[in-house]
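Participant: Handing you this structure, nothing more for now.
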Amino acid sequence: MTKPRRGGFKSFRQPVRQVGSLPQTAAKRPVEVWRPKLNDKVWTPSGVGIVAEISGDMYLIDLEKQVARIWERLSSIKPQS
């Protein structure tokens, strides 16, 4: 007569709890992303400026009160209220 094995393969594994599916949500709406247009006043890490040119996801910003124009990505630009 053999002894039953204690433990064995996957002995520490917990039983898996079965969960029902999540309830359906309302109709999915696309997320609207704000994109500045030419001559929009925007805020950048370097200061406030006006959009002078757009090339893909890069925006040329003419900074106010500074003699500078900088290229910024959309992620670092915020609308000026």
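Identifiers in the structure tokens: chain A, B, ... in order shown; residue index from 1 per chain; ligand index from 1 in order shown.
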Residues near Val48 in chain A, anyone? I mean within 12 Å using only C-alpha atoms, not counting same-chain ones fewer than 4 positions away, as a list in words.

Facilitator: Asp40, Lys41, Val42, Trp43, Thr44, Ile61, Asp62, Leu63, Glu64, Lys65, Gln66, Ala68, Arg69, Ile70, Ile77, Lys78, Pro79, Gln80 and Ser81 of chain A

Participant: Using Å and a single decimal, report how far CA of Val31 in chain A sits from CA of Pro45 in chain A.

Facilitator: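 Atom-to-atom, CA of Pro45 in chain A and CA of Val31 in chain A are spaced 24.7 Å apart.
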
Participant: Report, in Å with one decimal, the straight-line distance from CA of Glu53 in chain A to CA of Pro30 in chain A.

Facilitator: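 Between CA of Glu53 in chain A and CA of Pro30 in chain A the gap is 26.8 Å.
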
Participant: Which residue is closest to Ser55 in chain A? Choose from A:Val33, A:Leu38, A:Leu22, A:Val67 and count only C-alpha atoms.

Facilitator: A:Leu38
